[in-house]
Amino acid sequence: MTFAATVLTLYPEMFPGPLGTSLAGRALGEGIWSLDAVNIRDFATDKHSTVDGTPAGGGAGMVLRADILAAAIDSAPAGRPILAMTPRGIPLTQTKVRDLAAGEGVTILCGRFEGFDERIFEGRAVEQVSIGDYILSGGEMGALVLLDACIRLLPGVMGAASSGVDESFEGGLLEYPQYTRPYEWEGRTIPEVLRSGDHARISAWRKSIAETDTRLRRPDLWERHEGARVQSPSGARRRMKDE
């Protein structure tokens with residue numbers, strides 16, 4: 001089954017962009033996934049191809065019109081999740097990426113200017129998604145990020161099926177640090193445990209480092225990870241030792 005992506009954008013020339021190279025580009029050429037970049041301006045109804053208007057109530061910038069966006073959305077194949085890239089959206093997570101990659105594809109709506117007329121989210125089943133707490137010029141870069149995250153998980157894209165398992169966020173933790181040759185570099189050596197050949201010790205070391213790094217660097221992830229660990233089979237939270 002081919003993973004099909006439709007991107008609704010004012011700048012279709014931005015696609016496939018970096019997704020046309022490396023693993024994603026090869027997978028695109030092999031038909032593992034497909035891409036259709038659709039110009040939102042094609043759905044304008046006036047001779048000037050107008051897609052936006054001034055903000056109701058006043059303010060700077062322009063807002064993408066709900067009627068034009070709806071026409072673009074309605075042109076996309078049915079049955080796929082429709083996501084709008086916006087800083088007002090729910091943060092994108094690896095769990096969400098895995099869910100999307102397991103499906104038939106996705107339709108992505110890319111914003112520009114001051115964003116979308118809010119009524120589009122009332123009139124169409126569009127999920128708002130954010131890739132981070134910062135502002136970009138438009139949703140296209142977010143769409144590229146989301147698609148890259150999904151494509152690499154598709155069967156046949158990564159060389160080893162296990163490559164995507166022991167990574168940051170997959171188990172609720174940041175990934176453990178990695179090392180390779182040379183053994184010594186600028187006086188720094190590879191940790192002895194990784195050269196021991198003792199797989200149980202290596203696994204325990206990696207788990208310990210992943211937990212420590214997550215606790216120090218991403219306390220938000222650590223809190224969620226600890227919360228998940230103290231859930232009973234019934235879903236009720238058990239009391240932790242320090243509570």
# chains A, B, ... in the order shown; residues from 1 in each chain; ligands from 1
call {"tool": "residues_around", "arguments": {"residues": "Thr45 in chain A", "least_positions_apart": "5", "cutoff": "10 Å", "atoms": "only C-alpha atoms", "output": "JSON, numbers by chain"}}
result
{"A": [50, 51, 67, 68]}
call {"tool": "residues_around", "arguments": {"residues": "Leu8 in chain A", "least_positions_apart": "2", "cutoff": "9 Å", "atoms": "only C-alpha atoms", "output": "PDB file with N, CA, C and O atoms, in the first residue's frame"}}
result
ATOM      1  N   THR A   6      -1.119  14.520   0.297  1.00  0.00           N
ATOM      2  CA  THR A   6      -1.582  15.685  -0.445  1.00  0.00           C
ATOM      3  C   THR A   6      -1.267  16.922   0.388  1.00  0.00           C
ATOM      4  O   THR A   6      -1.639  16.985   1.554  1.00  0.00           O
ATOM      5  N   LEU A  10       0.223  27.464  -0.878  1.00  0.00           N
ATOM      6  CA  LEU A  10       0.345  28.546  -1.841  1.00  0.00           C
ATOM      7  C   LEU A  10       1.665  28.460  -2.598  1.00  0.00           C
ATOM      8  O   LEU A  10       1.884  29.203  -3.555  1.00  0.00           O
ATOM      9  N   TYR A  11       2.525  27.548  -2.183  1.00  0.00           N
ATOM     10  CA  TYR A  11       3.839  27.408  -2.804  1.00  0.00           C
ATOM     11  C   TYR A  11       4.146  25.945  -3.110  1.00  0.00           C
ATOM     12  O   TYR A  11       5.024  25.330  -2.494  1.00  0.00           O
ATOM     13  N   PRO A  12       3.445  25.360  -4.066  1.00  0.00           N
ATOM     14  CA  PRO A  12       3.662  23.941  -4.394  1.00  0.00           C
ATOM     15  C   PRO A  12       5.069  23.654  -4.894  1.00  0.00           C
ATOM     16  O   PRO A  12       5.527  22.511  -4.813  1.00  0.00           O
ATOM     17  N   ASP A  36       1.273  14.829  -3.815  1.00  0.00           N
ATOM     18  CA  ASP A  36       0.534  15.722  -4.692  1.00  0.00           C
ATOM     19  C   ASP A  36       0.489  17.093  -4.028  1.00  0.00           C
ATOM     20  O   ASP A  36      -0.166  17.267  -2.997  1.00  0.00           O
ATOM     21  N   ALA A  37       1.242  18.038  -4.574  1.00  0.00           N
ATOM     22  CA  ALA A  37       1.255  19.399  -4.032  1.00  0.00           C
ATOM     23  C   ALA A  37       0.240  20.237  -4.807  1.00  0.00           C
ATOM     24  O   ALA A  37       0.385  20.453  -6.013  1.00  0.00           O
ATOM     25  N   VAL A  38      -0.786  20.703  -4.127  1.00  0.00           N
ATOM     26  CA  VAL A  38      -1.915  21.400  -4.750  1.00  0.00           C
ATOM     27  C   VAL A  38      -1.872  22.875  -4.364  1.00  0.00           C
ATOM     28  O   VAL A  38      -1.736  23.220  -3.182  1.00  0.00           O
ATOM     29  N   ASN A  39      -2.012  23.739  -5.367  1.00  0.00           N
ATOM     30  CA  ASN A  39      -1.975  25.180  -5.129  1.00  0.00           C
ATOM     31  C   ASN A  39      -3.342  25.673  -4.656  1.00  0.00           C
ATOM     32  O   ASN A  39      -4.345  25.573  -5.378  1.00  0.00           O
ATOM     33  N   ILE A  40      -3.379  26.204  -3.438  1.00  0.00           N
ATOM     34  CA  ILE A  40      -4.637  26.723  -2.883  1.00  0.00           C
ATOM     35  C   ILE A  40      -5.207  27.833  -3.761  1.00  0.00           C
ATOM     36  O   ILE A  40      -6.425  27.990  -3.901  1.00  0.00           O
ATOM     37  N   LEU A  69     -10.191  27.835   1.426  1.00  0.00           N
ATOM     38  CA  LEU A  69      -9.580  26.672   2.071  1.00  0.00           C
ATOM     39  C   LEU A  69     -10.499  25.454   1.993  1.00  0.00           C
ATOM     40  O   LEU A  69     -10.043  24.337   1.742  1.00  0.00           O
ATOM     41  N   ALA A  72     -10.339  23.835  -1.372  1.00  0.00           N
ATOM     42  CA  ALA A  72      -9.095  23.077  -1.535  1.00  0.00           C
ATOM     43  C   ALA A  72      -9.164  21.765  -0.777  1.00  0.00           C
ATOM     44  O   ALA A  72      -8.781  20.706  -1.297  1.00  0.00           O
ATOM     45  N   ILE A  73      -9.654  21.802   0.453  1.00  0.00           N
ATOM     46  CA  ILE A  73      -9.775  20.590   1.263  1.00  0.00           C
ATOM     47  C   ILE A  73     -10.719  19.592   0.609  1.00  0.00           C
ATOM     48  O   ILE A  73     -10.451  18.387   0.555  1.00  0.00           O
ATOM     49  N   ALA A  76      -9.344  17.228  -2.038  1.00  0.00           N
ATOM     50  CA  ALA A  76      -8.407  16.171  -1.665  1.00  0.00           C
ATOM     51  C   ALA A  76      -9.135  14.833  -1.503  1.00  0.00           C
ATOM     52  O   ALA A  76     -10.331  14.801  -1.201  1.00  0.00           O
ATOM     53  N   THR A 107      -3.570  14.464   4.405  1.00  0.00           N
ATOM     54  CA  THR A 107      -3.698  15.734   3.703  1.00  0.00           C
ATOM     55  C   THR A 107      -3.227  16.830   4.650  1.00  0.00           C
ATOM     56  O   THR A 107      -3.671  16.885   5.798  1.00  0.00           O
ATOM     57  N   ILE A 108      -2.312  17.677   4.174  1.00  0.00           N
ATOM     58  CA  ILE A 108      -1.725  18.704   5.029  1.00  0.00           C
ATOM     59  C   ILE A 108      -2.049  20.085   4.468  1.00  0.00           C
ATOM     60  O   ILE A 108      -1.788  20.360   3.299  1.00  0.00           O
ATOM     61  N   LEU A 109      -2.603  20.924   5.312  1.00  0.00           N
ATOM     62  CA  LEU A 109      -2.957  22.287   4.938  1.00  0.00           C
ATOM     63  C   LEU A 109      -1.897  23.232   5.489  1.00  0.00           C
ATOM     64  O   LEU A 109      -1.635  23.263   6.689  1.00  0.00           O
ATOM     65  N   CYS A 110      -1.275  23.994   4.606  1.00  0.00           N
ATOM     66  CA  CYS A 110      -0.189  24.896   4.999  1.00  0.00           C
ATOM     67  C   CYS A 110      -0.690  26.337   5.080  1.00  0.00           C
ATOM     68  O   CYS A 110      -1.201  26.872   4.098  1.00  0.00           O
ATOM     69  N   GLY A 111      -0.512  26.937   6.232  1.00  0.00           N
ATOM     70  CA  GLY A 111      -0.941  28.306   6.419  1.00  0.00           C
ATOM     71  C   GLY A 111       0.102  29.315   5.963  1.00  0.00           C
ATOM     72  O   GLY A 111       1.275  28.992   5.776  1.00  0.00           O
TER      73      GLY A 111
END
call {"tool": "select_by_dssp", "arguments": {"residues": "range 26-235 of chain A", "states": "strand (DSSP E)", "output": "number ranges by chain"}}
result
A: 33-39, 52-53, 63-64, 82-91, 105-110, 127-130, 184-185, 188-189
call {"tool": "write_last_selection", "arguments": {"atoms": "C-alpha atoms", "output": "mmCIF file, in the first residue's frame"}}
result
data_model
loop_
_atom_site.group_PDB
_atom_site.id
_atom_site.type_symbol
_atom_site.label_atom_id
_atom_site.label_comp_id
_atom_site.auth_asym_id
_atom_site.auth_seq_id
_atom_site.Cartn_x
_atom_site.Cartn_y
_atom_site.Cartn_z
ATOM 1 C CA TRP A 33 4.844 6.948 -0.953
ATOM 2 C CA SER A 34 3.338 9.527 -3.296
ATOM 3 C CA LEU A 35 3.034 13.291 -3.191
ATOM 4 C CA ASP A 36 0.534 15.722 -4.692
ATOM 5 C CA ALA A 37 1.255 19.399 -4.032
ATOM 6 C CA VAL A 38 -1.915 21.400 -4.750
ATOM 7 C CA ASN A 39 -1.975 25.180 -5.129
ATOM 8 C CA ASP A 52 -7.031 36.074 1.800
ATOM 9 C CA GLY A 53 -8.690 39.033 3.466
ATOM 10 C CA VAL A 63 -6.033 35.861 6.878
ATOM 11 C CA LEU A 64 -6.629 32.890 4.585
ATOM 12 C CA ILE A 82 -6.474 16.353 7.436
ATOM 13 C CA LEU A 83 -3.873 18.317 9.367
ATOM 14 C CA ALA A 84 -3.293 22.067 9.437
ATOM 15 C CA MET A 85 0.221 23.216 10.322
ATOM 16 C CA THR A 86 -0.114 26.066 12.808
ATOM 17 C CA PRO A 87 1.650 27.213 16.001
ATOM 18 C CA ARG A 88 -1.782 27.145 17.651
ATOM 19 C CA GLY A 89 -1.973 23.391 17.159
ATOM 20 C CA ILE A 90 -1.310 20.412 19.397
ATOM 21 C CA PRO A 91 2.412 19.495 19.505
ATOM 22 C CA GLY A 105 -1.797 8.835 3.982
ATOM 23 C CA VAL A 106 -2.506 12.380 5.020
ATOM 24 C CA THR A 107 -3.698 15.734 3.703
ATOM 25 C CA ILE A 108 -1.725 18.704 5.029
ATOM 26 C CA LEU A 109 -2.957 22.287 4.938
ATOM 27 C CA CYS A 110 -0.189 24.896 4.999
ATOM 28 C CA GLU A 127 -6.735 18.801 13.138
ATOM 29 C CA GLN A 128 -4.382 21.613 14.101
ATOM 30 C CA VAL A 129 -0.765 20.488 14.608
ATOM 31 C CA SER A 130 2.385 22.343 15.671
ATOM 32 C CA GLU A 184 40.208 7.378 21.048
ATOM 33 C CA TRP A 185 39.623 10.917 19.764
ATOM 34 C CA ARG A 188 38.321 10.902 24.752
ATOM 35 C CA THR A 189 37.558 7.181 24.619
#
call {"tool": "closest_residue", "arguments": {"among": "A:Leu92, A:Met62, A:Ala4, A:Leu144", "to": "Gly20 in chain A", "atoms": "only C-alpha atoms"}}
result
A:Leu144
call {"tool": "select_by_dssp", "arguments": {"residues": "range 66-172 of chain A", "states": "helix (DSSP H, G or I)", "output": "JSON, numbers by chain"}}
result
{"A": [66, 67, 68, 69, 70, 71, 72, 73, 74, 75, 94, 95, 96, 97, 98, 99, 100, 101, 119, 120, 121, 122, 123, 140, 141, 142, 143, 144, 145, 146, 147, 148, 149, 150, 151, 161, 162, 163, 164]}
call {"tool": "residues_around", "arguments": {"residues": "Ala101 in chain A", "least_positions_apart": "2", "cutoff": "12 Å", "atoms": "only C-alpha atoms", "output": "PyMOL selection string"}}
result
chain A and resi 1-5+32-33+80-81+94-99+103-106+146-155+157
call {"tool": "closest_residue", "arguments": {"among": "A:Ala125, A:Gly29, A:Glu192, A:Arg112", "to": "Ala78 in chain A", "atoms": "only C-alpha atoms"}}
result
A:Ala125
call {"tool": "atom_distance", "arguments": {"atom1": "CA of Tyr134 in chain A", "atom2": "CA of Thr93 in chain A"}}
result
16.0 Å
call {"tool": "residues_around", "arguments": {"residues": "Asp213 in chain A", "least_positions_apart": "3", "cutoff": "9 Å", "atoms": "only C-alpha atoms", "output": "ChimeraX atom specification"}}
result
/A:173-176,208-210,216-218
call {"tool": "write_last_selection", "arguments": {"atoms": "all heavy atoms", "output": "PDB file, in the first residue's frame"}}
result
ATOM      1  N   LEU A 173      11.542   8.196  26.308  1.00  0.00           N
ATOM      2  CA  LEU A 173      12.806   8.754  26.767  1.00  0.00           C
ATOM      3  C   LEU A 173      13.616   9.283  25.590  1.00  0.00           C
ATOM      4  O   LEU A 173      13.370   8.903  24.439  1.00  0.00           O
ATOM      5  CB  LEU A 173      13.642   7.677  27.474  1.00  0.00           C
ATOM      6  CG  LEU A 173      13.056   7.021  28.719  1.00  0.00           C
ATOM      7  CD1 LEU A 173      13.926   5.854  29.145  1.00  0.00           C
ATOM      8  CD2 LEU A 173      12.914   8.029  29.855  1.00  0.00           C
ATOM      9  N   LEU A 174      14.607  10.136  25.892  1.00  0.00           N
ATOM     10  CA  LEU A 174      15.580  10.503  24.879  1.00  0.00           C
ATOM     11  C   LEU A 174      16.473   9.297  24.599  1.00  0.00           C
ATOM     12  O   LEU A 174      16.675   8.447  25.460  1.00  0.00           O
ATOM     13  CB  LEU A 174      16.438  11.680  25.352  1.00  0.00           C
ATOM     14  CG  LEU A 174      15.706  12.993  25.625  1.00  0.00           C
ATOM     15  CD1 LEU A 174      16.700  14.046  26.101  1.00  0.00           C
ATOM     16  CD2 LEU A 174      14.962  13.483  24.393  1.00  0.00           C
ATOM     17  N   GLU A 175      17.020   9.231  23.409  1.00  0.00           N
ATOM     18  CA  GLU A 175      17.882   8.112  23.058  1.00  0.00           C
ATOM     19  C   GLU A 175      19.216   8.208  23.802  1.00  0.00           C
ATOM     20  O   GLU A 175      19.710   9.307  24.084  1.00  0.00           O
ATOM     21  CB  GLU A 175      18.152   8.093  21.551  1.00  0.00           C
ATOM     22  CG  GLU A 175      18.929   6.868  21.082  1.00  0.00           C
ATOM     23  CD  GLU A 175      19.200   6.892  19.583  1.00  0.00           C
ATOM     24  OE1 GLU A 175      18.881   7.917  18.950  1.00  0.00           O
ATOM     25  OE2 GLU A 175      19.719   5.900  19.058  1.00  0.00           O
ATOM     26  N   TYR A 176      19.794   7.060  24.090  1.00  0.00           N
ATOM     27  CA  TYR A 176      21.124   7.012  24.706  1.00  0.00           C
ATOM     28  C   TYR A 176      22.169   7.515  23.702  1.00  0.00           C
ATOM     29  O   TYR A 176      21.954   7.487  22.492  1.00  0.00           O
ATOM     30  CB  TYR A 176      21.464   5.581  25.135  1.00  0.00           C
ATOM     31  CG  TYR A 176      21.197   4.537  24.067  1.00  0.00           C
ATOM     32  CD1 TYR A 176      22.099   4.319  23.022  1.00  0.00           C
ATOM     33  CD2 TYR A 176      20.020   3.783  24.084  1.00  0.00           C
ATOM     34  CE1 TYR A 176      21.848   3.376  22.041  1.00  0.00           C
ATOM     35  CE2 TYR A 176      19.766   2.844  23.093  1.00  0.00           C
ATOM     36  CZ  TYR A 176      20.681   2.648  22.084  1.00  0.00           C
ATOM     37  OH  TYR A 176      20.426   1.716  21.097  1.00  0.00           O
ATOM     38  N   SER A 208      20.089   3.393  31.654  1.00  0.00           N
ATOM     39  CA  SER A 208      20.417   4.331  32.712  1.00  0.00           C
ATOM     40  C   SER A 208      20.761   5.707  32.164  1.00  0.00           C
ATOM     41  O   SER A 208      20.290   6.737  32.678  1.00  0.00           O
ATOM     42  CB  SER A 208      21.587   3.787  33.541  1.00  0.00           C
ATOM     43  OG  SER A 208      22.000   4.720  34.520  1.00  0.00           O
ATOM     44  N   ILE A 209      21.578   5.744  31.111  1.00  0.00           N
ATOM     45  CA  ILE A 209      21.962   7.025  30.505  1.00  0.00           C
ATOM     46  C   ILE A 209      20.751   7.719  29.892  1.00  0.00           C
ATOM     47  O   ILE A 209      20.581   8.941  30.009  1.00  0.00           O
ATOM     48  CB  ILE A 209      23.052   6.812  29.440  1.00  0.00           C
ATOM     49  CG1 ILE A 209      24.347   6.333  30.091  1.00  0.00           C
ATOM     50  CG2 ILE A 209      23.301   8.090  28.657  1.00  0.00           C
ATOM     51  CD1 ILE A 209      24.982   7.341  31.032  1.00  0.00           C
ATOM     52  N   ALA A 210      19.888   6.955  29.226  1.00  0.00           N
ATOM     53  CA  ALA A 210      18.687   7.538  28.619  1.00  0.00           C
ATOM     54  C   ALA A 210      17.800   8.166  29.681  1.00  0.00           C
ATOM     55  O   ALA A 210      17.249   9.258  29.503  1.00  0.00           O
ATOM     56  CB  ALA A 210      17.915   6.469  27.842  1.00  0.00           C
ATOM     57  N   LEU A 216      17.341  15.236  33.047  1.00  0.00           N
ATOM     58  CA  LEU A 216      18.058  16.508  33.104  1.00  0.00           C
ATOM     59  C   LEU A 216      17.689  17.453  31.964  1.00  0.00           C
ATOM     60  O   LEU A 216      17.578  18.664  32.160  1.00  0.00           O
ATOM     61  CB  LEU A 216      19.570  16.248  33.078  1.00  0.00           C
ATOM     62  CG  LEU A 216      20.148  15.491  34.286  1.00  0.00           C
ATOM     63  CD1 LEU A 216      21.628  15.244  34.088  1.00  0.00           C
ATOM     64  CD2 LEU A 216      19.911  16.275  35.567  1.00  0.00           C
ATOM     65  N   ARG A 217      17.523  16.911  30.757  1.00  0.00           N
ATOM     66  CA  ARG A 217      17.318  17.760  29.585  1.00  0.00           C
ATOM     67  C   ARG A 217      15.852  18.022  29.270  1.00  0.00           C
ATOM     68  O   ARG A 217      15.512  19.072  28.738  1.00  0.00           O
ATOM     69  CB  ARG A 217      17.991  17.123  28.355  1.00  0.00           C
ATOM     70  CG  ARG A 217      19.475  16.905  28.520  1.00  0.00           C
ATOM     71  CD  ARG A 217      20.055  16.244  27.283  1.00  0.00           C
ATOM     72  NE  ARG A 217      21.465  15.909  27.470  1.00  0.00           N
ATOM     73  CZ  ARG A 217      22.227  15.361  26.530  1.00  0.00           C
ATOM     74  NH1 ARG A 217      21.715  15.092  25.333  1.00  0.00           N
ATOM     75  NH2 ARG A 217      23.497  15.080  26.779  1.00  0.00           N
ATOM     76  N   ARG A 218      15.003  17.025  29.552  1.00  0.00           N
ATOM     77  CA  ARG A 218      13.588  17.158  29.216  1.00  0.00           C
ATOM     78  C   ARG A 218      12.731  16.717  30.396  1.00  0.00           C
ATOM     79  O   ARG A 218      12.129  15.638  30.372  1.00  0.00           O
ATOM     80  CB  ARG A 218      13.261  16.322  27.973  1.00  0.00           C
ATOM     81  CG  ARG A 218      13.839  16.856  26.671  1.00  0.00           C
ATOM     82  CD  ARG A 218      13.176  18.164  26.250  1.00  0.00           C
ATOM     83  NE  ARG A 218      11.744  18.039  26.122  1.00  0.00           N
ATOM     84  CZ  ARG A 218      11.132  17.613  25.003  1.00  0.00           C
ATOM     85  NH1 ARG A 218      11.850  17.301  23.941  1.00  0.00           N
ATOM     86  NH2 ARG A 218       9.814  17.525  24.942  1.00  0.00           N
TER      87      ARG A 218
END
call {"tool": "decode", "arguments": {"residues": "range 46-81 of chain A", "atoms": "N, CA and C atoms", "output": "mmCIF file, in the first residue's frame"}}
result
data_model
loop_
_atom_site.group_PDB
_atom_site.id
_atom_site.type_symbol
_atom_site.label_atom_id
_atom_site.label_comp_id
_atom_site.auth_asym_id
_atom_site.auth_seq_id
_atom_site.Cartn_x
_atom_site.Cartn_y
_atom_site.Cartn_z
ATOM 1 N N ASP A 46 -12.051 34.809 -8.085
ATOM 2 C CA ASP A 46 -12.044 36.101 -8.771
ATOM 3 C C ASP A 46 -10.843 36.179 -9.716
ATOM 4 N N LYS A 47 -10.818 37.193 -10.556
ATOM 5 C CA LYS A 47 -9.777 37.308 -11.574
ATOM 6 C C LYS A 47 -8.401 37.581 -10.980
ATOM 7 N N HIS A 48 -8.365 38.024 -9.739
ATOM 8 C CA HIS A 48 -7.082 38.300 -9.082
ATOM 9 C C HIS A 48 -6.569 37.100 -8.263
ATOM 10 N N SER A 49 -7.330 36.013 -8.291
ATOM 11 C CA SER A 49 -6.960 34.801 -7.530
ATOM 12 C C SER A 49 -6.745 35.106 -6.050
ATOM 13 N N THR A 50 -7.688 35.815 -5.477
ATOM 14 C CA THR A 50 -7.589 36.225 -4.079
ATOM 15 C C THR A 50 -7.867 35.057 -3.144
ATOM 16 N N VAL A 51 -6.989 34.867 -2.170
ATOM 17 C CA VAL A 51 -7.155 33.767 -1.223
ATOM 18 C C VAL A 51 -7.247 34.259 0.216
ATOM 19 N N ASP A 52 -7.080 35.565 0.436
ATOM 20 C CA ASP A 52 -7.031 36.074 1.800
ATOM 21 C C ASP A 52 -7.845 37.349 1.945
ATOM 22 N N GLY A 53 -7.978 37.794 3.180
ATOM 23 C CA GLY A 53 -8.690 39.033 3.466
ATOM 24 C C GLY A 53 -8.144 39.644 4.736
ATOM 25 N N THR A 54 -8.535 40.910 5.006
ATOM 26 C CA THR A 54 -8.060 41.587 6.208
ATOM 27 C C THR A 54 -8.726 40.990 7.451
ATOM 28 N N PRO A 55 -8.051 41.009 8.588
ATOM 29 C CA PRO A 55 -8.613 40.419 9.808
ATOM 30 C C PRO A 55 -9.879 41.139 10.266
ATOM 31 N N ALA A 56 -10.911 40.375 10.558
ATOM 32 C CA ALA A 56 -12.120 40.963 11.133
ATOM 33 C C ALA A 56 -11.770 41.567 12.489
ATOM 34 N N GLY A 57 -12.214 42.783 12.742
ATOM 35 C CA GLY A 57 -11.903 43.443 13.990
ATOM 36 C C GLY A 57 -10.630 44.261 13.944
ATOM 37 N N GLY A 58 -9.947 44.205 12.781
ATOM 38 C CA GLY A 58 -8.732 44.982 12.620
ATOM 39 C C GLY A 58 -7.487 44.213 13.004
ATOM 40 N N GLY A 59 -6.353 44.759 12.647
ATOM 41 C CA GLY A 59 -5.083 44.111 12.943
ATOM 42 C C GLY A 59 -4.216 44.014 11.713
ATOM 43 N N ALA A 60 -2.957 43.666 11.942
ATOM 44 C CA ALA A 60 -1.991 43.580 10.845
ATOM 45 C C ALA A 60 -2.132 42.266 10.087
ATOM 46 N N GLY A 61 -1.620 42.270 8.852
ATOM 47 C CA GLY A 61 -1.549 41.047 8.066
ATOM 48 C C GLY A 61 -2.852 40.682 7.391
ATOM 49 N N MET A 62 -2.837 39.484 6.808
ATOM 50 C CA MET A 62 -3.988 38.975 6.084
ATOM 51 C C MET A 62 -4.310 37.567 6.588
ATOM 52 N N VAL A 63 -5.554 37.149 6.388
ATOM 53 C CA VAL A 63 -6.033 35.861 6.878
ATOM 54 C C VAL A 63 -6.540 35.033 5.699
ATOM 55 N N LEU A 64 -6.163 33.766 5.657
ATOM 56 C CA LEU A 64 -6.629 32.890 4.585
ATOM 57 C C LEU A 64 -8.127 32.642 4.729
ATOM 58 N N ARG A 65 -8.851 32.775 3.619
ATOM 59 C CA ARG A 65 -10.306 32.695 3.622
ATOM 60 C C ARG A 65 -10.809 31.273 3.797
ATOM 61 N N ALA A 66 -11.868 31.118 4.604
ATOM 62 C CA ALA A 66 -12.433 29.800 4.877
ATOM 63 C C ALA A 66 -13.038 29.167 3.630
ATOM 64 N N ASP A 67 -13.688 29.983 2.779
ATOM 65 C CA ASP A 67 -14.338 29.403 1.595
ATOM 66 C C ASP A 67 -13.307 28.846 0.613
ATOM 67 N N ILE A 68 -12.181 29.532 0.452
ATOM 68 C CA ILE A 68 -11.136 29.050 -0.452
ATOM 69 C C ILE A 68 -10.472 27.800 0.120
ATOM 70 N N LEU A 69 -10.191 27.835 1.426
ATOM 71 C CA LEU A 69 -9.580 26.672 2.071
ATOM 72 C C LEU A 69 -10.499 25.454 1.993
ATOM 73 N N ALA A 70 -11.786 25.661 2.197
ATOM 74 C CA ALA A 70 -12.739 24.556 2.146
ATOM 75 C C ALA A 70 -12.766 23.922 0.764
ATOM 76 N N ALA A 71 -12.729 24.741 -0.270
ATOM 77 C CA ALA A 71 -12.728 24.205 -1.634
ATOM 78 C C ALA A 71 -11.476 23.369 -1.889
ATOM 79 N N ALA A 72 -10.339 23.835 -1.372
ATOM 80 C CA ALA A 72 -9.095 23.077 -1.535
ATOM 81 C C ALA A 72 -9.164 21.765 -0.777
ATOM 82 N N ILE A 73 -9.654 21.802 0.453
ATOM 83 C CA ILE A 73 -9.775 20.590 1.263
ATOM 84 C C ILE A 73 -10.719 19.592 0.609
ATOM 85 N N ASP A 74 -11.845 20.089 0.097
ATOM 86 C CA ASP A 74 -12.844 19.207 -0.516
ATOM 87 C C ASP A 74 -12.325 18.540 -1.780
ATOM 88 N N SER A 75 -11.269 19.100 -2.377
ATOM 89 C CA SER A 75 -10.713 18.506 -3.596
ATOM 90 C C SER A 75 -9.786 17.338 -3.292
ATOM 91 N N ALA A 76 -9.344 17.228 -2.038
ATOM 92 C CA ALA A 76 -8.407 16.171 -1.665
ATOM 93 C C ALA A 76 -9.135 14.833 -1.503
ATOM 94 N N PRO A 77 -8.433 13.734 -1.699
ATOM 95 C CA PRO A 77 -9.057 12.418 -1.516
ATOM 96 C C PRO A 77 -9.646 12.261 -0.126
ATOM 97 N N ALA A 78 -10.798 11.643 -0.042
ATOM 98 C CA ALA A 78 -11.469 11.453 1.238
ATOM 99 C C ALA A 78 -10.854 10.285 2.007
ATOM 100 N N GLY A 79 -11.160 10.255 3.283
ATOM 101 C CA GLY A 79 -10.757 9.119 4.097
ATOM 102 C C GLY A 79 -9.418 9.240 4.779
ATOM 103 N N ARG A 80 -8.681 10.321 4.545
ATOM 104 C CA ARG A 80 -7.388 10.503 5.192
ATOM 105 C C ARG A 80 -7.489 11.588 6.267
ATOM 106 N N PRO A 81 -6.631 11.535 7.278
ATOM 107 C CA PRO A 81 -6.585 12.639 8.246
ATOM 108 C C PRO A 81 -6.200 13.938 7.546
#
